[in-house]
>>> print(open('run.csv').read())   # CSV, C-alpha atoms and all ligand atoms
chain,number,residue,atom,x,y,z
A,1,MET,CA,-5.5,20.6,21.2
A,2,SER,CA,-4.5,16.9,20.9
A,3,LEU,CA,-6.7,14.3,19.3
A,4,SER,CA,-6.5,10.6,19.9
A,5,ILE,CA,-7.2,7.8,17.5
A,6,SER,CA,-7.4,4.0,18.0
A,7,ILE,CA,-6.4,2.0,15.0
A,8,THR,CA,-5.4,-1.6,14.3
A,9,LEU,CA,-2.1,-1.4,12.5
A,10,ASN,CA,-0.7,-4.6,10.9
A,11,GLY,CA,-2.8,-6.6,13.3
A,12,HIS,CA,-1.8,-4.7,16.5
A,13,PRO,CA,-4.0,-2.2,18.3
A,14,HIS,CA,-2.5,1.3,18.7
A,15,GLU,CA,-3.7,4.3,20.6
A,16,ILE,CA,-2.1,7.4,19.0
A,17,ALA,CA,-2.3,11.0,20.2
A,18,LEU,CA,-2.1,13.4,17.3
A,19,ASP,CA,-0.6,16.8,18.1
A,20,ASP,CA,-1.5,18.1,14.7
A,21,PRO,CA,-5.0,17.2,13.3
A,22,ARG,CA,-3.6,17.8,9.8
A,23,VAL,CA,-1.1,15.0,9.8
A,24,THR,CA,-1.6,12.5,7.0
A,25,LEU,CA,-1.6,8.8,7.4
A,26,LEU,CA,1.6,8.7,5.3
A,27,ASP,CA,3.5,11.0,7.6
A,28,LEU,CA,2.1,9.3,10.7
A,29,LEU,CA,3.4,5.9,9.4
A,30,ARG,CA,6.8,7.1,8.3
A,31,GLU,CA,7.7,9.8,10.8
A,32,ARG,CA,5.9,8.7,14.0
A,33,LEU,CA,5.7,5.0,13.7
A,34,ASP,CA,8.9,4.3,11.7
A,35,LEU,CA,7.1,2.3,9.1
A,36,THR,CA,9.2,3.6,6.2
A,37,GLY,CA,8.2,0.8,3.8
A,38,THR,CA,5.3,3.1,2.7
A,39,LYS,CA,7.0,5.6,0.3
A,40,LYS,CA,6.4,9.2,-0.3
A,41,GLY,CA,6.6,10.1,-4.0
A,42,CYS,CA,4.4,13.0,-5.1
A,43,ASP,CA,2.6,13.6,-1.8
A,44,ARG,CA,-0.5,14.6,-3.8
A,45,GLY,CA,-2.3,11.5,-4.8
A,46,GLN,CA,-0.7,11.0,-8.2
A,47,CYS,CA,1.9,8.3,-8.0
A,48,GLY,CA,0.5,5.5,-5.7
A,49,ALA,CA,3.9,5.0,-3.9
A,50,CYS,CA,2.1,5.6,-0.6
A,51,THR,CA,-0.7,3.0,-1.1
A,52,VAL,CA,-1.8,1.1,2.0
A,53,LEU,CA,-5.0,-0.8,2.9
A,54,VAL,CA,-7.6,0.8,5.1
A,55,ASP,CA,-10.3,-1.7,6.0
A,56,GLY,CA,-9.1,-3.8,3.1
A,57,ARG,CA,-9.4,-1.0,0.5
A,58,ARG,CA,-6.5,0.6,-1.4
A,59,ILE,CA,-6.0,4.2,-0.5
A,60,ASN,CA,-3.3,6.8,-1.1
A,61,SER,CA,-2.1,7.5,2.5
A,62,CYS,CA,-0.8,10.9,1.5
A,63,LEU,CA,-4.4,12.0,0.9
A,64,SER,CA,-5.8,10.5,4.1
A,65,LEU,CA,-5.9,12.5,7.3
A,66,ALA,CA,-4.9,10.3,10.3
A,67,ALA,CA,-7.5,12.0,12.4
A,68,SER,CA,-10.3,10.5,10.2
A,69,LEU,CA,-9.2,6.9,10.7
A,70,ASP,CA,-10.3,6.3,14.3
A,71,GLY,CA,-11.4,2.6,14.5
A,72,ALA,CA,-9.8,1.7,11.1
A,73,GLU,CA,-7.8,-1.4,10.3
A,74,ILE,CA,-4.7,-0.4,8.4
A,75,THR,CA,-2.2,-2.7,6.6
A,76,THR,CA,1.1,-1.6,5.3
A,77,ILE,CA,3.8,-3.5,3.4
A,78,GLU,CA,5.4,-4.4,6.8
A,79,GLY,CA,2.3,-6.3,7.7
A,80,LEU,CA,2.1,-8.6,4.7
A,81,ALA,CA,4.7,-11.3,5.3
A,82,ASP,CA,4.2,-14.0,7.9
A,83,GLY,CA,7.5,-14.0,9.6
A,84,ASP,CA,10.0,-15.2,7.0
A,85,VAL,CA,7.2,-16.3,4.6
A,86,LEU,CA,6.4,-13.8,2.0
A,87,HIS,CA,2.9,-12.9,1.0
A,88,PRO,CA,2.0,-14.6,-2.3
A,89,VAL,CA,2.0,-11.1,-4.0
A,90,GLN,CA,5.5,-10.3,-2.7
A,91,ALA,CA,6.7,-13.7,-3.9
A,92,ALA,CA,5.1,-13.2,-7.3
A,93,PHE,CA,6.8,-9.8,-7.7
A,94,ILE,CA,10.2,-11.4,-7.1
A,95,GLU,CA,9.5,-14.3,-9.5
A,96,ASN,CA,8.4,-12.0,-12.3
A,97,ASP,CA,11.1,-9.4,-11.9
A,98,ALA,CA,8.4,-6.8,-11.3
A,99,LEU,CA,10.7,-4.1,-10.1
A,100,GLN,CA,13.9,-2.2,-10.9
A,101,CYS,CA,14.8,0.5,-8.5
A,102,GLY,CA,12.1,-0.7,-6.1
A,103,TYR,CA,10.9,2.6,-4.8
A,104,CYS,CA,7.3,2.2,-6.1
A,105,THR,CA,7.3,-1.5,-5.2
A,106,PRO,CA,5.6,-1.4,-1.7
A,107,GLY,CA,2.8,0.7,-3.2
A,108,GLN,CA,2.5,-1.6,-6.2
A,109,ILE,CA,2.3,-4.6,-3.9
A,110,MET,CA,-0.3,-3.1,-1.6
A,111,SER,CA,-2.3,-2.0,-4.6
A,112,ALA,CA,-2.1,-5.5,-6.0
A,113,VAL,CA,-3.1,-7.1,-2.7
A,114,GLY,CA,-6.2,-4.8,-2.5
A,115,LEU,CA,-7.0,-5.4,-6.2
A,116,ILE,CA,-7.0,-9.2,-5.8
A,117,ALA,CA,-9.1,-8.9,-2.7
A,118,GLU,CA,-11.6,-6.8,-4.6
A,119,GLY,CA,-11.9,-9.9,-6.9
A,120,HIS,CA,-12.6,-8.4,-10.2
A,121,ALA,CA,-9.2,-8.2,-11.9
A,122,GLY,CA,-9.7,-11.5,-13.9
A,123,ASP,CA,-7.0,-12.8,-16.2
A,124,ASP,CA,-7.0,-10.1,-18.7
A,125,PRO,CA,-3.6,-8.3,-18.6
A,126,GLU,CA,-5.1,-5.0,-20.0
A,127,ARG,CA,-7.7,-5.0,-17.2
A,128,VAL,CA,-5.0,-5.6,-14.6
A,129,ARG,CA,-3.0,-2.8,-16.1
A,130,GLU,CA,-6.0,-0.5,-16.0
A,131,LEU,CA,-6.8,-1.4,-12.4
A,132,MET,CA,-3.2,-0.8,-11.4
A,133,SER,CA,-2.9,2.5,-13.3
A,134,GLY,CA,-2.9,4.5,-10.1
A,135,ASN,CA,0.6,3.2,-9.3
A,136,ILE,CA,3.3,4.8,-11.4
A,137,CYS,CA,6.7,3.0,-12.0
A,138,ARG,CA,9.3,5.4,-13.4
A,139,CYS,CA,11.5,2.4,-14.4
A,140,GLY,CA,8.8,1.0,-16.6
A,141,ALA,CA,8.5,-2.4,-15.0
A,142,TYR,CA,4.9,-2.7,-15.9
A,143,HIS,CA,5.1,-5.9,-17.8
A,144,GLY,CA,6.5,-7.8,-14.8
A,145,ILE,CA,4.1,-6.1,-12.5
A,146,VAL,CA,1.1,-7.2,-14.5
A,147,GLU,CA,2.5,-10.7,-14.8
A,148,ALA,CA,3.0,-10.8,-11.0
A,149,VAL,CA,-0.5,-9.8,-10.3
A,150,LEU,CA,-1.9,-12.4,-12.7
A,151,GLU,CA,0.3,-15.1,-11.2
A,152,ALA,CA,-0.6,-14.1,-7.6
A,153,GLN,CA,-4.3,-14.5,-8.4
A,154,LYS,CA,-3.9,-18.2,-9.3
B,201,LIG,FE1,0.8,9.5,-2.3
B,201,LIG,FE2,2.2,9.9,-4.5
B,201,LIG,S1,2.9,9.9,-2.4
B,201,LIG,S2,0.1,9.3,-4.3
>>> encode(input="run.csv", output="structure tokens")
Amino acid sequence: MSLSISITLNGHPHEIALDDPRVTLLDLLRERLDLTGTKKGCDRGQCGACTVLVDGRRINSCLSLAASLDGAEITTIEGLADGDVLHPVQAAFIENDALQCGYCTPGQIMSAVGLIAEGHAGDDPERVRELMSGNICRCGAYHGIVEAVLEAQK
């Protein structure tokens, strides 16, 4: 049985037929829609590499069933920049050397965008680190990541 969902993805409406109701949002994005900026790390909700925004809130797309998202507004890393103009959080990550290998970076940036939108990070680095703790960086670029989030809030 096929199931159909209507979503707004990076500002564009999509009608998507799901052959398998068990497909995750992460696999839908990467394997069906070729939006490979969203990364698969652990595939079990522990690393944050797959973070996207659903209706403005940060979620792990590996834990979210696509079938449950009918009517949702989804933003991925591909939807942040405005043409050649980077989103302020993307620019802040570059300016603060907030990455090494870059694999976790899309998830870190999406988490930071959601965190800033939530509006309660403040200017305390420890608080930002705590609120970003769902996003793991195996290179250990945490200092730059926190600095980037603090700068992007200004
Ligand atoms: Fe989703 Fe790790 S891939 S949390």
>>> residues_near_ligand(input="run.csv", ligand="ligand LIG 201 (chain B)", cutoff="6 Å", atoms="only C-alpha atoms and all ligand atoms", output="list of chain:residue names")
A:Lys40, A:Gly41, A:Cys42, A:Asp43, A:Arg44, A:Gly45, A:Gln46, A:Cys47, A:Gly48, A:Ala49, A:Cys50, A:Asn60, A:Ser61, A:Cys62
>>> residues_near_point(input="run.csv", point="(-9.1, -7.0, -7.0)", cutoff="10 Å", atoms="only C-alpha atoms", output="PyMOL selection string")
chain A and resi 57-58+111-122+128+131-132+149+153
>>> write_last_selection(input="run.csv", atoms="C-alpha atoms", output="PDB file, in the frame of the given file")
ATOM      1  CA  ARG A  57      -9.400  -1.000   0.500  1.00  0.00           C
ATOM      2  CA  ARG A  58      -6.500   0.600  -1.400  1.00  0.00           C
ATOM      3  CA  SER A 111      -2.300  -2.000  -4.600  1.00  0.00           C
ATOM      4  CA  ALA A 112      -2.100  -5.500  -6.000  1.00  0.00           C
ATOM      5  CA  VAL A 113      -3.100  -7.100  -2.700  1.00  0.00           C
ATOM      6  CA  GLY A 114      -6.200  -4.800  -2.500  1.00  0.00           C
ATOM      7  CA  LEU A 115      -7.000  -5.400  -6.200  1.00  0.00           C
ATOM      8  CA  ILE A 116      -7.000  -9.200  -5.800  1.00  0.00           C
ATOM      9  CA  ALA A 117      -9.100  -8.900  -2.700  1.00  0.00           C
ATOM     10  CA  GLU A 118     -11.600  -6.800  -4.600  1.00  0.00           C
ATOM     11  CA  GLY A 119     -11.900  -9.900  -6.900  1.00  0.00           C
ATOM     12  CA  HIS A 120     -12.600  -8.400 -10.200  1.00  0.00           C
ATOM     13  CA  ALA A 121      -9.200  -8.200 -11.900  1.00  0.00           C
ATOM     14  CA  GLY A 122      -9.700 -11.500 -13.900  1.00  0.00           C
ATOM     15  CA  VAL A 128      -5.000  -5.600 -14.600  1.00  0.00           C
ATOM     16  CA  LEU A 131      -6.800  -1.400 -12.400  1.00  0.00           C
ATOM     17  CA  MET A 132      -3.200  -0.800 -11.400  1.00  0.00           C
ATOM     18  CA  VAL A 149      -0.500  -9.800 -10.300  1.00  0.00           C
ATOM     19  CA  GLN A 153      -4.300 -14.500  -8.400  1.00  0.00           C
TER      20      GLN A 153
END
>>> atom_distance(input="run.csv", atom1="atom CA of Ala17 of chain A", atom2="atom CA of Asp55 of chain A")
20.7 Å
>>> atom_distance(input="run.csv", atom1="atom CA of Ile5 of chain A", atom2="atom CA of Leu28 of chain A")
11.6 Å
>>> atom_distance(input="run.csv", atom1="atom CA of Val85 of chain A", atom2="atom CA of Gly71 of chain A")
28.3 Å
>>> closest_residue(input="run.csv", among="A:Glu15, A:Asp123, A:Glu73, A:Glu78", to="Gln90 of chain A", atoms="only C-alpha atoms")
A:Glu78
>>> residues_around(input="run.csv", residues="Asp70 of chain A", least_positions_apart="4", cutoff="10 Å", atoms="all atoms listed in the file", output="number ranges by chain")
A: 4-8, 15-16, 66
>>> closest_residue(input="run.csv", among="A:Val54, A:Asp124, A:Thr38, A:Leu65", to="Leu25 of chain A", atoms="only C-alpha atoms")
A:Leu65
>>> residues_around(input="run.csv", residues="Gly102 of chain A", least_positions_apart="5", cutoff="12 Å", atoms="only C-alpha atoms", output="PyMOL selection string")
chain A and resi 37-39+49+93-94+97+107-109+136-141+145
>>> residues_near_point(input="run.csv", point="(-1.4, 20.1, 18.0)", cutoff="12 Å", atoms="all atoms listed in the file", output="count of residues only")
12
>>> closest_residue(input="run.csv", among="A:Cys104, A:Ile59, A:Ala91, A:Met110", to="Glu151 of chain A", atoms="only C-alpha atoms")
A:Ala91
>>> closest_residue(input="run.csv", among="A:Thr75, A:Glu147, A:Ser68, A:Val52", to="Asn96 of chain A", atoms="all atoms listed in the file")
A:Glu147
>>> build_atoms(input="run.csv", residues="segment 33-45 of chain A", atoms="N, CA and C atoms", output="PDB file, keeping the file's coordinate frame")
ATOM      1  N   LEU A  33       5.759   6.404  13.387  1.00  0.00           N
ATOM      2  CA  LEU A  33       5.700   5.000  13.700  1.00  0.00           C
ATOM      3  C   LEU A  33       6.882   4.203  13.043  1.00  0.00           C
ATOM      4  N   ASP A  34       7.766   4.914  12.346  1.00  0.00           N
ATOM      5  CA  ASP A  34       8.900   4.300  11.700  1.00  0.00           C
ATOM      6  C   ASP A  34       8.604   3.191  10.733  1.00  0.00           C
ATOM      7  N   LEU A  35       7.453   3.258  10.142  1.00  0.00           N
ATOM      8  CA  LEU A  35       7.100   2.300   9.100  1.00  0.00           C
ATOM      9  C   LEU A  35       7.401   2.917   7.752  1.00  0.00           C
ATOM     10  N   THR A  36       8.677   2.857   7.400  1.00  0.00           N
ATOM     11  CA  THR A  36       9.200   3.600   6.200  1.00  0.00           C
ATOM     12  C   THR A  36       9.039   2.785   4.920  1.00  0.00           C
ATOM     13  N   GLY A  37       8.447   1.593   5.007  1.00  0.00           N
ATOM     14  CA  GLY A  37       8.200   0.800   3.800  1.00  0.00           C
ATOM     15  C   GLY A  37       7.216   1.546   2.878  1.00  0.00           C
ATOM     16  N   THR A  38       6.294   2.268   3.444  1.00  0.00           N
ATOM     17  CA  THR A  38       5.300   3.100   2.700  1.00  0.00           C
ATOM     18  C   THR A  38       6.073   4.317   2.180  1.00  0.00           C
ATOM     19  N   LYS A  39       6.120   4.518   0.882  1.00  0.00           N
ATOM     20  CA  LYS A  39       7.000   5.600   0.300  1.00  0.00           C
ATOM     21  C   LYS A  39       6.195   6.852  -0.004  1.00  0.00           C
ATOM     22  N   LYS A  40       6.943   7.938   0.089  1.00  0.00           N
ATOM     23  CA  LYS A  40       6.400   9.200  -0.300  1.00  0.00           C
ATOM     24  C   LYS A  40       6.990   9.586  -1.688  1.00  0.00           C
ATOM     25  N   GLY A  41       6.118   9.679  -2.686  1.00  0.00           N
ATOM     26  CA  GLY A  41       6.600  10.100  -4.000  1.00  0.00           C
ATOM     27  C   GLY A  41       6.125  11.503  -4.258  1.00  0.00           C
ATOM     28  N   CYS A  42       4.896  11.664  -4.735  1.00  0.00           N
ATOM     29  CA  CYS A  42       4.400  13.000  -5.100  1.00  0.00           C
ATOM     30  C   CYS A  42       3.803  13.740  -3.921  1.00  0.00           C
ATOM     31  N   ASP A  43       3.289  13.021  -2.928  1.00  0.00           N
ATOM     32  CA  ASP A  43       2.600  13.600  -1.800  1.00  0.00           C
ATOM     33  C   ASP A  43       1.325  14.344  -2.178  1.00  0.00           C
ATOM     34  N   ARG A  44       0.764  13.988  -3.327  1.00  0.00           N
ATOM     35  CA  ARG A  44      -0.500  14.600  -3.800  1.00  0.00           C
ATOM     36  C   ARG A  44      -1.401  13.704  -4.544  1.00  0.00           C
ATOM     37  N   GLY A  45      -1.307  12.421  -4.260  1.00  0.00           N
ATOM     38  CA  GLY A  45      -2.300  11.500  -4.800  1.00  0.00           C
ATOM     39  C   GLY A  45      -2.113  11.144  -6.279  1.00  0.00           C
TER      40      GLY A  45
END
